[in-house]
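Asks: I am sharing start-v7.txt, which consists of compact mmCIF, C-alpha atoms:
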```txt
# COMPACT_ATOMS: atom_id res chain seq x y z
CA MET N 1 -23.11 -9.89 -23.44
CA THR N 2 -21.11 -8.69 -20.46
CA SER N 3 -18.98 -10.94 -18.30
CA GLN N 4 -20.38 -13.58 -15.98
CA ASP N 5 -18.77 -11.75 -13.07
CA THR N 6 -20.73 -8.61 -13.93
CA ARG N 7 -24.01 -10.51 -14.17
CA ASP N 8 -23.29 -12.22 -10.84
CA ARG N 9 -22.60 -8.88 -9.18
CA ALA N 10 -25.85 -7.44 -10.59
CA ALA N 11 -27.83 -10.40 -9.28
CA LYS N 12 -26.25 -10.08 -5.83
CA LEU N 13 -27.02 -6.38 -5.74
CA LEU N 14 -30.73 -7.07 -6.32
CA LEU N 15 -30.80 -9.96 -3.85
CA ASP N 16 -29.22 -7.68 -1.26
CA ALA N 17 -31.93 -5.08 -1.97
CA TYR N 18 -34.58 -7.69 -1.15
CA ALA N 19 -32.80 -8.52 2.12
CA SER N 20 -32.04 -4.96 3.22
CA GLY N 21 -35.25 -3.32 2.01
CA THR N 22 -33.18 -0.58 0.42
CA PRO N 23 -33.57 0.08 -3.34
CA VAL N 24 -30.49 0.40 -5.51
CA ALA N 25 -29.56 2.76 -8.32
CA PRO N 26 -30.54 1.72 -11.85
CA LEU N 27 -28.36 -1.18 -12.95
CA VAL N 28 -27.62 0.52 -16.26
CA SER N 29 -25.95 3.33 -14.30
CA ILE N 30 -23.75 0.87 -12.42
CA PHE N 31 -22.90 -1.77 -15.02
CA ASP N 32 -21.90 -0.35 -18.37
CA GLY N 33 -23.16 -2.19 -21.44
CA LEU N 34 -25.71 -4.41 -19.68
CA THR N 35 -28.10 -5.83 -22.31
CA ILE N 36 -31.58 -7.36 -22.16
CA GLU N 37 -29.97 -10.77 -22.66
CA ASP N 38 -27.74 -10.07 -19.67
CA ALA N 39 -30.77 -8.92 -17.69
CA TYR N 40 -32.59 -12.22 -18.17
CA GLU N 41 -29.46 -14.05 -17.00
CA VAL N 42 -29.45 -11.82 -13.91
CA GLN N 43 -33.12 -12.61 -13.31
CA LEU N 44 -32.58 -16.36 -13.64
CA ALA N 45 -29.61 -16.25 -11.27
CA GLN N 46 -31.82 -14.71 -8.59
CA VAL N 47 -34.62 -17.22 -9.18
CA GLU N 48 -32.14 -20.09 -8.91
CA SER N 49 -30.87 -18.64 -5.63
CA MET N 50 -34.43 -18.40 -4.31
CA VAL N 51 -35.20 -21.99 -5.32
CA GLN N 52 -32.00 -23.21 -3.68
CA ALA N 53 -33.20 -21.48 -0.50
CA GLY N 54 -36.36 -23.62 -0.55
CA ARG N 55 -38.82 -21.51 -2.51
CA THR N 56 -40.80 -22.86 -5.46
CA VAL N 57 -41.74 -21.39 -8.83
CA LYS N 58 -45.54 -21.40 -9.09
CA GLY N 59 -46.03 -19.50 -12.32
CA MET N 60 -44.90 -16.65 -14.53
CA LYS N 61 -45.98 -13.13 -15.38
CA VAL N 62 -45.88 -10.97 -18.48
CA GLY N 63 -45.15 -7.27 -18.22
CA LEU N 64 -45.01 -4.31 -20.60
CA THR N 65 -48.08 -5.49 -22.50
CA SER N 66 -49.60 -2.05 -23.06
CA ALA N 67 -48.53 0.34 -25.78
CA ALA N 68 -48.15 3.10 -23.18
CA MET N 69 -45.63 1.15 -21.09
CA GLN N 70 -43.72 -0.04 -24.15
CA ASN N 71 -43.46 3.52 -25.42
CA LEU N 72 -42.34 4.71 -21.98
CA LEU N 73 -39.41 2.27 -21.94
CA GLY N 74 -38.72 2.42 -25.67
CA VAL N 75 -39.41 -1.24 -26.44
CA ARG N 76 -41.70 -3.09 -28.81
CA GLN N 77 -42.22 -6.34 -26.94
CA PRO N 78 -43.27 -7.51 -23.46
CA ASP N 79 -41.02 -9.00 -20.81
CA PHE N 80 -41.52 -11.86 -18.35
CA GLY N 81 -40.77 -12.79 -14.76
CA HIS N 82 -41.27 -15.63 -12.31
CA LEU N 83 -43.89 -16.05 -9.57
CA LEU N 84 -42.62 -17.72 -6.39
CA ASP N 85 -44.75 -19.57 -3.85
CA ASP N 86 -44.49 -16.83 -1.22
CA PHE N 87 -45.75 -14.22 -3.69
CA PHE N 88 -49.32 -15.45 -3.21
CA PHE N 89 -51.48 -13.65 -0.61
CA LEU N 90 -55.00 -14.56 0.45
CA GLU N 91 -57.86 -12.30 -0.50
CA HIS N 92 -59.01 -9.94 2.29
CA GLU N 93 -56.17 -11.00 4.62
CA PRO N 94 -53.93 -8.05 5.63
CA ILE N 95 -50.84 -7.97 3.43
CA PRO N 96 -47.74 -6.79 5.31
CA LEU N 97 -45.79 -3.93 3.80
CA ALA N 98 -42.89 -3.38 6.21
CA GLY N 99 -40.11 -5.87 5.71
CA ARG N 100 -41.66 -7.24 2.54
CA PHE N 101 -42.15 -4.56 -0.10
CA LEU N 102 -39.98 -1.60 -1.02
CA GLN N 103 -42.21 0.62 -3.20
CA PRO N 104 -45.29 -1.43 -4.12
CA ARG N 105 -48.00 -0.65 -6.62
CA VAL N 106 -51.10 -2.62 -7.60
CA GLU N 107 -52.68 -3.41 -10.98
CA PRO N 108 -55.64 -5.61 -12.03
CA GLU N 109 -55.20 -8.65 -14.25
CA VAL N 110 -56.95 -11.83 -15.36
CA ALA N 111 -55.01 -14.88 -14.16
CA PHE N 112 -54.78 -18.10 -16.15
CA VAL N 113 -54.51 -21.40 -14.29
CA LEU N 114 -53.10 -24.15 -16.50
CA LYS N 115 -54.31 -27.75 -16.54
CA ARG N 116 -51.58 -28.98 -18.88
CA PRO N 117 -48.11 -27.82 -19.84
CA LEU N 118 -47.48 -25.41 -22.69
CA ARG N 119 -44.18 -26.07 -24.44
CA GLY N 120 -43.10 -23.60 -27.08
CA PRO N 121 -41.95 -22.51 -29.52
CA GLY N 122 -44.80 -23.07 -31.94
CA VAL N 123 -47.70 -22.84 -29.47
CA THR N 124 -50.87 -21.66 -31.22
CA VAL N 125 -53.89 -19.81 -29.88
CA HIS N 126 -56.06 -22.93 -29.85
CA GLU N 127 -53.36 -24.90 -28.00
CA ALA N 128 -53.07 -22.15 -25.41
CA VAL N 129 -56.85 -22.06 -24.93
CA ALA N 130 -56.96 -25.85 -24.54
CA ALA N 131 -54.26 -25.70 -21.83
CA VAL N 132 -56.21 -23.31 -19.59
CA ASP N 133 -58.15 -24.91 -16.75
CA PHE N 134 -59.92 -21.71 -15.66
CA VAL N 135 -59.36 -18.00 -15.14
CA LEU N 136 -59.49 -15.94 -11.96
CA PRO N 137 -59.66 -12.23 -11.22
CA ALA N 138 -56.31 -11.09 -9.86
CA LEU N 139 -54.46 -8.14 -8.42
CA GLU N 140 -50.74 -8.08 -9.02
CA ILE N 141 -48.49 -6.31 -6.53
CA VAL N 142 -45.62 -4.94 -8.58
CA ASP N 143 -42.52 -3.74 -6.78
CA SER N 144 -39.12 -2.46 -7.76
CA ARG N 145 -35.74 -2.90 -6.20
CA ILE N 146 -34.63 0.07 -8.36
CA ALA N 147 -34.80 3.39 -6.50
CA ASP N 148 -37.78 5.63 -7.32
CA TRP N 149 -38.93 3.27 -10.08
CA LYS N 150 -36.36 4.83 -12.43
CA ILE N 151 -36.30 1.72 -14.58
CA SER N 152 -35.15 0.95 -18.07
CA ILE N 153 -36.16 -2.27 -19.83
CA VAL N 154 -32.85 -3.79 -18.67
CA ASP N 155 -33.56 -2.85 -15.05
CA THR N 156 -37.06 -4.27 -14.91
CA VAL N 157 -36.10 -7.51 -16.67
CA ALA N 158 -33.18 -8.07 -14.30
CA ASP N 159 -35.49 -7.29 -11.37
CA ASN N 160 -37.78 -10.23 -12.22
CA ALA N 161 -40.08 -7.99 -14.27
CA SER N 162 -40.73 -5.86 -11.16
CA SER N 163 -42.57 -8.73 -9.49
CA GLY N 164 -43.71 -8.50 -5.89
CA GLY N 165 -46.82 -10.57 -5.19
CA LEU N 166 -50.40 -11.26 -6.16
CA VAL N 167 -53.87 -11.89 -4.83
CA LEU N 168 -56.20 -14.28 -6.64
CA GLY N 169 -59.97 -14.16 -6.46
CA SER N 170 -61.82 -17.24 -5.30
CA THR N 171 -64.35 -17.65 -8.13
CA PRO N 172 -62.95 -19.73 -11.02
CA THR N 173 -64.53 -19.22 -14.43
CA PRO N 174 -64.17 -21.51 -17.47
CA LEU N 175 -62.49 -19.72 -20.33
CA HIS N 176 -65.39 -20.24 -22.74
CA GLU N 177 -67.75 -18.36 -20.43
CA VAL N 178 -65.98 -15.00 -20.65
CA ASP N 179 -64.78 -12.70 -23.42
CA LEU N 180 -61.32 -11.77 -22.21
CA ARG N 181 -60.74 -9.30 -25.02
CA LEU N 182 -63.89 -7.20 -24.58
CA GLY N 183 -64.52 -7.86 -20.89
CA GLY N 184 -64.22 -4.71 -18.80
CA CYS N 185 -62.66 -4.01 -15.43
CA VAL N 186 -63.33 -1.34 -12.80
CA PHE N 187 -60.41 -0.77 -10.44
CA ARG N 188 -61.03 0.84 -7.04
CA ARG N 189 -58.75 2.09 -4.29
CA ASN N 190 -60.49 2.57 -0.95
CA GLY N 191 -63.81 2.60 -2.77
CA GLU N 192 -62.85 5.27 -5.31
CA VAL N 193 -62.59 4.37 -8.98
CA VAL N 194 -58.96 4.83 -10.05
CA GLY N 195 -59.00 2.99 -13.36
CA THR N 196 -61.12 1.28 -15.98
CA GLY N 197 -60.15 -0.84 -18.95
CA ALA N 198 -60.75 -3.97 -20.98
CA GLY N 199 -58.75 -7.10 -21.70
CA GLY N 200 -57.92 -5.84 -25.18
CA ALA N 201 -55.36 -3.54 -23.55
CA VAL N 202 -53.21 -6.65 -23.01
CA LEU N 203 -51.58 -7.26 -26.42
CA GLY N 204 -55.05 -7.17 -27.99
CA SER N 205 -56.14 -10.09 -25.80
CA PRO N 206 -54.74 -11.81 -22.68
CA ILE N 207 -54.68 -15.03 -24.73
CA SER N 208 -52.14 -13.41 -27.06
CA SER N 209 -49.98 -12.69 -24.04
CA LEU N 210 -50.17 -16.33 -22.93
CA VAL N 211 -49.14 -17.49 -26.41
CA TRP N 212 -46.27 -15.00 -26.47
CA LEU N 213 -45.02 -16.20 -23.09
CA ALA N 214 -45.21 -19.91 -23.95
CA ASN N 215 -43.28 -19.39 -27.17
CA THR N 216 -40.73 -16.97 -25.72
CA VAL N 217 -39.74 -19.08 -22.72
CA GLY N 218 -40.07 -22.24 -24.80
CA ALA N 219 -37.31 -21.00 -27.08
CA LEU N 220 -35.18 -20.73 -23.94
CA GLY N 221 -35.94 -24.30 -22.90
CA THR N 222 -38.63 -23.56 -20.30
CA ALA N 223 -42.20 -24.88 -20.33
CA LEU N 224 -45.24 -23.40 -18.61
CA GLU N 225 -46.18 -26.22 -16.23
CA ALA N 226 -49.56 -27.68 -15.31
CA GLY N 227 -50.98 -25.98 -12.24
CA TRP N 228 -49.01 -22.80 -12.82
CA VAL N 229 -50.59 -19.37 -12.64
CA VAL N 230 -49.86 -17.00 -15.51
CA LEU N 231 -50.46 -13.27 -15.19
CA PRO N 232 -50.77 -11.94 -18.76
CA GLY N 233 -50.52 -8.19 -18.09
CA ALA N 234 -52.31 -5.25 -16.54
CA ILE N 235 -55.68 -4.01 -17.74
CA THR N 236 -55.34 -0.53 -16.19
CA ALA N 237 -52.49 1.62 -14.96
CA MET N 238 -50.89 0.62 -11.66
CA GLN N 239 -51.64 2.50 -8.44
CA PRO N 240 -49.32 3.21 -5.48
CA VAL N 241 -49.94 1.51 -2.14
CA ALA N 242 -50.12 3.14 1.30
CA PRO N 243 -50.58 1.34 4.63
CA GLY N 244 -54.23 0.46 5.21
CA ASP N 245 -55.22 0.67 1.54
CA THR N 246 -57.84 -1.66 0.08
CA PHE N 247 -57.96 -2.36 -3.66
CA THR N 248 -60.79 -4.08 -5.51
CA ALA N 249 -60.99 -5.05 -9.17
CA THR N 250 -64.39 -6.00 -10.58
CA PHE N 251 -64.36 -7.81 -13.93
CA SER N 252 -67.35 -8.37 -16.19
CA GLY N 253 -68.02 -12.09 -16.24
CA LEU N 254 -65.35 -12.84 -13.63
CA SER N 255 -66.58 -11.49 -10.29
CA SER N 256 -64.12 -9.45 -8.23
CA VAL N 257 -60.95 -9.66 -6.15
CA THR N 258 -59.85 -7.60 -3.16
CA ALA N 259 -56.42 -6.94 -1.68
CA ARG N 260 -56.17 -5.35 1.76
CA PHE N 261 -52.88 -3.99 3.05
CA ALA N 262 -51.94 -3.82 6.69
CA GLY N 263 -52.09 -0.44 8.39
CA GLU N 264 -49.12 1.23 9.96
CA GLU N 265 -49.90 -0.19 13.38
CA THR N 266 -49.85 -3.76 12.02
CA ALA N 267 -47.40 -3.39 9.13
CA SER N 268 -44.47 -4.37 11.34
```
Mind turning this structure into structure tokens?
Replies:
Amino acid sequence: MTSQDTRDRAAKLLLDAYASGTPVAPLVSIFDGLTIEDAYEVQLAQVESMVQAGRTVKGMKVGLTSAAMQNLLGVRQPDFGHLLDDFFFLEHEPIPLAGRFLQPRVEPEVAFVLKRPLRGPGVTVHEAVAAVDFVLPALEIVDSRIADWKISIVDTVADNASSGGLVLGSTPTPLHEVDLRLGGCVFRRNGEVVGTGAGGAVLGSPISSLVWLANTVGALGTALEAGWVVLPGAITAMQPVAPGDTFTATFSGLSSVTARFAGEETAS
């Protein structure tokens, strides 16, 4: 691992990017020898700074769950990030772009809402299923503080797994009423279909992603808490956002969710 001073400087660089709205060059081009382990330390340092400023962790997300994304970044496992309280936007309410997002994209997911904690390592599939209160259709707003999305695995991990925000649907569904592995999704941007997929694209099943997350963060001393939202990974490829865009994801057995972004005249 690199020095604590280097990790602190990397964390400050990303926090400054949030504040200024200006992306930075890939961290791996600035800090020589930065590892994935370093990157998670950089991520946690930013989360701790956000919590100290009065924000609250409300859940976690899993990224890089598709074979295509793993191949793109040359990795063979997912990554994770944290969801803060101000990441959550109401369905159909205009989501501001200016002053909030740098280069946002949207992807559809199935969100788990937990009714009891999951403490790994050693969490099994049946324990993960028993911990889920219900599932909701969701749209994740991914964003990058790295210029032009030129990310390596180290960059995206350090950048809180490219987290930006999310919109949850308003129709909860018990887990036993839906087949998350085979259930399909149709993803639309401004009414046009831009993606289709099924839950099996997420590590074979979104439940597998939940188990992976519980065990991975559990080994680091973190539990998934009751009431938290967990985003297990995208079902289709992400789509870029322009002012005034409306995205809708319709899931078999789960209803739909819509995210509407403010137009240029209201984005500021």
Asks: Near stretch 210-226 of chain N, within 10 Å and counting only C-alpha atoms, which residues show up once chain neighbours fewer than 6 positions away are dropped, as a VMD selection string?
Replies: chain N and resid 57 to 62 77 to 81 112 to 129 131 to 133 203 232 to 233
Asks: Can you tell me, as a PyMOL selection string, what residues are no more than 9 Å from N:Arg100 when counting all atoms listed in the file, ignoring any on the same chain fewer than 6 positions away?
Replies: chain N and resi 18-19+21+164
Asks: Sorted by chain and rising residue number, which residues of stretch 27-133 of chain N lie within 10 Å of stretch 242-257 of chain N, and what are their closest atom pairs and distances in Å to one decimal, counting all atoms listed in the file, as CSV?
Replies:
```
residue,atom,partner,partner_atom,distance
N:Glu91,CA,N:Val257,CA,7.0
N:His92,CA,N:Thr246,CA,8.6
N:Pro94,CA,N:Gly244,CA,8.5
N:Ile95,CA,N:Gly244,CA,9.3
N:Pro96,CA,N:Pro243,CA,8.6
N:Leu97,CA,N:Pro243,CA,7.2
N:Ala98,CA,N:Pro243,CA,9.2
N:Gln103,CA,N:Ala242,CA,9.4
N:Pro104,CA,N:Ala242,CA,8.6
N:Arg105,CA,N:Ala242,CA,9.0
N:Val106,CA,N:Phe247,CA,7.9
N:Glu107,CA,N:Ala249,CA,8.7
N:Pro108,CA,N:Ala249,CA,6.1
N:Glu109,CA,N:Ala249,CA,8.5
N:Val110,CA,N:Phe251,CA,8.6
```
Asks: To one decimal place in Å, what is the distance between atom CA of N:Lys150 and atom CA of N:Leu27?
Replies: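 Atom CA of N:Leu27 lies at a distance of 10.0 Å from atom CA of N:Lys150.
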Asks: Which residue gives the smallest distance to N:Thr156 among N:Val193, N:Leu15, N:Val28, N:Ala45, with all atoms listed in the file counted?
Replies: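 Among the listed residues, the smallest separation from N:Thr156 belongs to N:Val28.
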Asks: I need the residue nearest N:Leu102 from this list: N:Glu177, N:Asp32, N:Asp143, N:Asp85. Use only C-alpha atoms for the distance.
Replies: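 Of N:Glu177, N:Asp32, N:Asp143, N:Asp85, the one nearest N:Leu102 is N:Asp143, counting only C-alpha atoms.
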Asks: State, in Å with one decimal place, the distance from atom CA of N:Leu166 to atom CA of N:Val229.
Replies: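 Value for the atom CA of N:Leu166-atom CA of N:Val229 distance: 10.4 Å.
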Asks: Would you mind telling me which residue in N:Met69, N:Ser170, N:Ala25, N:Leu136 lies nearest to N:Leu231 when using only C-alpha atoms?
Replies: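 That would be N:Leu136, the residue with the smallest distance to N:Leu231.
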Asks: Tell me which protein, DNA and RNA residues are within 9 Å of N:Thr196, counting only C-alpha atoms, leaving out same-chain ones fewer than 5 positions away, and put them as a list in words.
Replies: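 So the residues in contact are Gly184, Cys185, Val186, Phe187, Arg188, Ile235, Thr236 and Ala237 of chain N.
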Asks: Hey, which of N:Phe31, N:Ala259, N:Ala17, N:Val42 ends up closest to N:Ala138? Count only C-alpha atoms.
Replies: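 Closest to N:Ala138, using only C-alpha atoms: N:Ala259.
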